[in-house]
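First comes the structure, then the notes that go with it.
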Amino acid sequence: MSTRTSICWFRQDLRLNDNPALLAAADRGEVLPVFILDDENSDKWRLGAASRLWLHHSLKSLNRSLEGTLSIHRGRAEEIIPRLCRDHHIDQVFWNRCYEPWRIERDGKLKNRLKLHAVEAHSFNGSLLWEPWQILKKDGSPYKIFTPFYKRARTQEQGTLEEPQQAPPNLSLYRADHGGITVEDLRLRPDHPWCRKVERHWRMGEEGGLLALDTFLESRLSNYRTGRDFPAVSATSRLSPHLHFGELSPRQVWQRVSEVGYDDNVETFKSELGWREFSYYLLYHFPHLPTSNLKPQFDRFPWWLNQKWLHCWQQGMTGYPLVDAGMRELWQTGYMHNRVRMIVASFLVKNLLIHWRHGADWFWDCLVDADLASNSASWQWVAGCGTDAAPFFRIFNPVSQGQKFDQNGAYTRRFVPELQDLPDKFLFCPWKAPSSILEQAGIRLGEDYPYPLVDLQQSRKKALDSLKRVSSSS
DNA sequence: TTTTGAGTTGTTCGA
DNA sequence: GTCGAACAACTCAAA
């Protein structure tokens, strides 16, 4: 009898290195690695298209690392895991914790059910630097402001941050037939040209994650602090999708950048990892984060859903070149530079006055790094309805942001090629260009490139008025 | 309990 | 062209 066989249930931790659940399971004996696609039965937060594409490749990579033994299923984990335990006489299950409210609830139920069958479940921290319940104010309640949260975590971190672990050295895999299906059977990757486009920009899977980390450390980190603001400069880490799917753990990343030593770039990057933690922290303590305003005054904000405008924003046809460049980068690569994310989000919420949730939904579908915690927290931050939010008067101007952060237009021209020949002076405001210049650049406004959807000054004023009314009448 | 200082990423206007 | 102030009022965190 193989009572020493355990299940390692992979979820958002698609890696062998620094995987505490896998390590613990391997320590005990033979391991049956399991993955379950279970989002389709939960009515909310079905994976977006870009996430599914990434997951497809990440699973293939993981399965290769596991010598093809990954047992893949589709359906309800609460039923599949107990069934596997029964069929294969398995009495222990290991996994790394997830923090989405529906997953917390589901895992709790599963744990209880397993207990009834005399199966032990062990969960570990494989996705965060700091467990959300470990960082609290002196009165025991959760922080709502990033800076004090981060300071506290950093103070507490001294000596408590665990070292990342290697992959289990003598991983012994369970090889009996376990009735699973293949990665292809999950149909995560539609046969669509869009997939091939996105795939060109990434190396998905654990190996790709480790390579991306090396690249970041070797050639990007030294210019991170200032370079990260310029979308045409390669200075951001681009680690977000790898972290989201757990191809890398934040501990691995934290340790590798720490080896560089104390440095402005390192500190700035670490605080970005801190923001990732803070998003998970907020999601854990405020589970309604993805759907409702943390500041309840905003429930009265006069959002106005103009479907046509939303569509133009999604397609990168707003008439504001920097916004359109960002939205097209998103569509073509499954990613958008961080500064540009803030600009397009600010434009949707504060110039088009469309509810942040419509923006969050679109990002959810298109981003390869779509992450419930980060996406929700960031949209609330931009919209001003988060607890630790941008001041109401902070409205990005897509023209001046372009002039400041994409001076020579390299980023904008790359994604909005129809403006290729427009001189820098008018690149971010083509409607201001004299007709002779437009003609020279081969642009007929309204045909080759749209007129601006809204007037910046007017829409800005409207947003400020609405925000003033919403906050003063509380 | 009260008080004090502070809160990721901006824009505009007037001197 | 550059620079500093104004832009609301509130809530949060800690002393």
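In the structure tokens, chains take the letters A, B, ... in the order shown, each chain's residues start at 1, and ligands count up from 1 in the order shown.
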
Env of DG14 in chain B: 12 Å cut, atoms = only C-alpha atoms (C1' of nucleotides), seq-sep filter 6 positions within chain, self excluded. Answer as a list in words.
DC3, DG4, DA5 and DA6 of chain C

Tell me, counting only C-alpha atoms (C1' of nucleotides), for each residue of chain B within 10 Å of chain A, which pair of atoms is nearest and how far apart they are in Å to one decimal, in rows ordered by chain and increasing number, as a tab-separated table.
residue	atom	partner	partner_atom	distance
B:DA6	C1'	A:Thr147	CA	9.8
B:DG7	C1'	A:Asp388	CA	7.2
B:DT8	C1'	A:Ala390	CA	8.5
B:DT9	C1'	A:Arg339	CA	7.6
B:DG10	C1'	A:Arg394	CA	4.9
B:DT11	C1'	A:Ile395	CA	7.4

Between A:Lys270, A:Arg46, A:Lys350, A:Arg276, which one has atoms that come closest to Pro132 in chain A, using only C-alpha atoms?
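Among the listed residues, A:Arg276 lies closest to Pro132 in chain A.
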
Could you tell me which residues of chain A sit within 9 Å of chain C when counting only C-alpha atoms (C1' of nucleotides), and give me the result as a short mmCIF file (atom, residue, chain, number, x, y, z; two decimals) with C-alpha atoms, in the first residue's frame?
data_model
loop_
_atom_site.label_atom_id
_atom_site.label_comp_id
_atom_site.auth_asym_id
_atom_site.auth_seq_id
_atom_site.Cartn_x
_atom_site.Cartn_y
_atom_site.Cartn_z
CA LYS A 137 -1.49 48.03 13.46
CA TYR A 143 -3.47 49.09 7.57
CA LYS A 144 -5.17 51.10 4.86
CA ILE A 145 -2.24 53.26 3.83
CA PRO A 148 2.93 52.68 7.21
CA THR A 387 -8.53 54.19 0.86
CA PHE A 392 -9.01 63.92 -6.40
CA PHE A 393 -7.25 66.61 -8.38
CA LYS A 468 -16.22 67.79 -5.29
CA SER A 471 -17.05 64.19 -1.29
CA SER A 472 -18.65 67.29 0.19
#

Among range 191-435 of chain A, which ones does DSSP place in helix (DSSP H, G or I), written as a ChimeraX atom specification?
/A:193-199,206-227,240-244,250-258,264-285,296-300,307-315,321-333,338-351,356-366,372-383,398-405,410-415,417-419,424-427,430-432,435

Give me, please, the distance in Å between CA of Thr268 in chain A and CA of Val340 in chain A, quoted to one decimal.
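Straight-line distance from CA of Thr268 in chain A to CA of Val340 in chain A works out to 18.4 Å.
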
Excluding Gln134 in chain A and residues on its chain fewer than 5 positions from it, collect all residues at most 12 Å away from it, counting only C-alpha atoms (C1' of nucleotides), and give them as a compact mmCIF listing (two decimals) with all heavy atoms, in the first residue's frame.
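Once written, part24.txt looks like this:
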# COMPACT_ATOMS: atom_id res chain seq x y z
N LEU A 128 3.55 35.05 -1.24
CA LEU A 128 3.71 36.38 -0.65
C LEU A 128 4.95 36.45 0.23
O LEU A 128 5.44 35.44 0.73
CB LEU A 128 2.48 36.74 0.20
CG LEU A 128 1.15 36.91 -0.54
CD1 LEU A 128 0.04 37.23 0.45
CD2 LEU A 128 1.23 38.01 -1.59
N LEU A 129 5.44 37.66 0.40
CA LEU A 129 6.55 37.87 1.34
C LEU A 129 6.04 37.85 2.77
O LEU A 129 6.67 37.35 3.68
CB LEU A 129 7.22 39.22 1.06
CG LEU A 129 7.87 39.39 -0.31
CD1 LEU A 129 8.26 40.85 -0.53
CD2 LEU A 129 9.10 38.50 -0.43
N GLY A 140 -4.37 45.97 16.30
CA GLY A 140 -4.77 44.70 15.70
C GLY A 140 -5.58 44.81 14.42
O GLY A 140 -5.94 43.80 13.83
N SER A 141 -5.86 46.03 13.99
CA SER A 141 -6.63 46.17 12.76
C SER A 141 -5.68 46.36 11.57
O SER A 141 -4.52 46.72 11.75
CB SER A 141 -7.60 47.36 12.89
OG SER A 141 -6.87 48.54 13.12
N PRO A 142 -6.19 46.12 10.35
CA PRO A 142 -5.31 46.19 9.18
C PRO A 142 -5.00 47.62 8.74
O PRO A 142 -5.82 48.52 8.93
CB PRO A 142 -6.12 45.47 8.10
CG PRO A 142 -7.54 45.59 8.52
CD PRO A 142 -7.53 45.63 10.01
N TYR A 143 -3.85 47.81 8.16
CA TYR A 143 -3.47 49.09 7.57
C TYR A 143 -4.30 49.38 6.33
O TYR A 143 -4.71 48.48 5.61
CB TYR A 143 -2.00 49.07 7.16
CG TYR A 143 -1.03 49.16 8.30
CD1 TYR A 143 -0.47 48.02 8.85
CD2 TYR A 143 -0.68 50.40 8.83
CE1 TYR A 143 0.44 48.10 9.89
CE2 TYR A 143 0.22 50.49 9.88
CZ TYR A 143 0.78 49.34 10.41
OH TYR A 143 1.66 49.42 11.45
N PHE A 149 2.09 50.61 6.22
CA PHE A 149 2.08 49.16 6.04
C PHE A 149 3.47 48.66 5.67
O PHE A 149 4.00 47.71 6.24
CB PHE A 149 1.08 48.78 4.93
CG PHE A 149 1.31 47.40 4.35
CD1 PHE A 149 0.81 46.27 4.98
CD2 PHE A 149 2.05 47.23 3.17
CE1 PHE A 149 1.03 45.00 4.45
CE2 PHE A 149 2.27 45.97 2.64
CZ PHE A 149 1.77 44.85 3.29
N ARG A 152 6.13 49.02 8.41
CA ARG A 152 5.93 47.98 9.43
C ARG A 152 6.45 46.63 8.93
O ARG A 152 7.14 45.91 9.64
CB ARG A 152 4.45 47.88 9.77
CG ARG A 152 4.10 46.81 10.74
CD ARG A 152 3.80 47.40 12.11
NE ARG A 152 3.68 46.34 13.11
CZ ARG A 152 4.65 46.05 13.97
NH1 ARG A 152 5.77 46.72 13.97
NH2 ARG A 152 4.46 45.09 14.86
N ALA A 153 6.10 46.32 7.70
CA ALA A 153 6.52 45.02 7.14
C ALA A 153 8.04 44.95 7.06
O ALA A 153 8.63 43.92 7.39
CB ALA A 153 5.89 44.83 5.76
N GLN A 156 9.46 44.44 10.49
CA GLN A 156 9.17 43.09 10.95
C GLN A 156 9.97 42.04 10.18
O GLN A 156 10.28 40.98 10.69
CB GLN A 156 7.68 42.82 10.77
CG GLN A 156 7.04 42.08 11.90
CD GLN A 156 5.53 42.17 11.81
OE1 GLN A 156 4.93 43.20 12.11
NE2 GLN A 156 4.90 41.10 11.38
N GLU A 157 10.28 42.39 8.95
CA GLU A 157 10.95 41.45 8.05
C GLU A 157 12.33 41.04 8.56
O GLU A 157 12.77 39.91 8.33
CB GLU A 157 11.08 42.10 6.68
CG GLU A 157 12.15 41.51 5.79
CD GLU A 157 12.85 42.60 4.97
OE1 GLU A 157 12.16 43.55 4.56
OE2 GLU A 157 14.06 42.51 4.76
N THR A 160 12.96 37.60 9.68
CA THR A 160 11.85 36.65 9.60
C THR A 160 11.60 36.17 8.18
O THR A 160 10.90 35.19 7.96
CB THR A 160 10.53 37.29 10.10
OG1 THR A 160 10.25 38.41 9.29
CG2 THR A 160 10.67 37.71 11.55
N GLU A 277 2.35 43.20 -2.53
CA GLU A 277 1.94 42.63 -1.25
C GLU A 277 0.73 43.38 -0.69
O GLU A 277 -0.21 42.78 -0.19
CB GLU A 277 3.08 42.73 -0.23
CG GLU A 277 4.32 41.95 -0.60
CD GLU A 277 4.18 40.45 -0.40
OE1 GLU A 277 3.68 40.04 0.66
OE2 GLU A 277 4.55 39.69 -1.32
N TYR A 281 -2.90 42.18 0.46
CA TYR A 281 -3.28 42.50 1.82
C TYR A 281 -4.68 43.12 1.85
O TYR A 281 -5.55 42.72 2.63
CB TYR A 281 -2.24 43.47 2.37
CG TYR A 281 -2.39 43.93 3.79
CD1 TYR A 281 -1.85 43.18 4.84
CD2 TYR A 281 -3.02 45.12 4.09
CE1 TYR A 281 -1.94 43.62 6.14
CE2 TYR A 281 -3.11 45.57 5.40
CZ TYR A 281 -2.58 44.82 6.42
OH TYR A 281 -2.67 45.27 7.70
N TYR A 284 -7.34 40.60 0.96
CA TYR A 284 -7.60 39.67 2.06
C TYR A 284 -8.47 40.33 3.14
O TYR A 284 -9.44 39.73 3.59
CB TYR A 284 -6.28 39.21 2.68
CG TYR A 284 -6.47 38.29 3.86
CD1 TYR A 284 -6.75 36.94 3.67
CD2 TYR A 284 -6.41 38.78 5.16
CE1 TYR A 284 -6.95 36.10 4.74
CE2 TYR A 284 -6.61 37.94 6.24
CZ TYR A 284 -6.88 36.60 6.03
OH TYR A 284 -7.10 35.77 7.10
N HIS A 285 -8.14 41.55 3.50
CA HIS A 285 -8.88 42.19 4.58
C HIS A 285 -10.16 42.87 4.11
O HIS A 285 -11.05 43.13 4.91
CB HIS A 285 -7.99 43.21 5.30
CG HIS A 285 -6.88 42.58 6.10
ND1 HIS A 285 -7.12 41.91 7.28
CD2 HIS A 285 -5.55 42.49 5.90
CE1 HIS A 285 -5.97 41.44 7.77
NE2 HIS A 285 -5.00 41.78 6.94

Find the residues near Glu40 in chain A: any atom within 9 Å, counting only C-alpha atoms (C1' of nucleotides), skip ones fewer than 6 places away on the same chain, and give them as an MDAnalysis selection string.
chainID A and resid 46:47 74:76

Could you save those same residues with N, CA and C atoms as a JSON list (two decimals), in the first residue's frame?
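As written to disk, result.json reads:
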[["chain", "number", "residue", "atom", "x", "y", "z"],
["A", 46, "ARG", "N", -13.86, 34.18, -14.02],
["A", 46, "ARG", "CA", -13.37, 33.24, -14.99],
["A", 46, "ARG", "C", -12.13, 33.87, -15.61],
["A", 47, "LEU", "N", -11.11, 33.08, -15.82],
["A", 47, "LEU", "CA", -9.86, 33.62, -16.33],
["A", 47, "LEU", "C", -10.07, 34.37, -17.64],
["A", 74, "ARG", "N", -10.45, 19.18, -15.01],
["A", 74, "ARG", "CA", -11.30, 20.35, -15.15],
["A", 74, "ARG", "C", -12.54, 20.09, -14.28],
["A", 75, "GLY", "N", -12.91, 21.06, -13.47],
["A", 75, "GLY", "CA", -14.10, 20.87, -12.64],
["A", 75, "GLY", "C", -13.90, 21.38, -11.24],
["A", 76, "ARG", "N", -14.68, 20.83, -10.33],
["A", 76, "ARG", "CA", -14.68, 21.35, -8.96],
["A", 76, "ARG", "C", -13.63, 20.64, -8.11]]
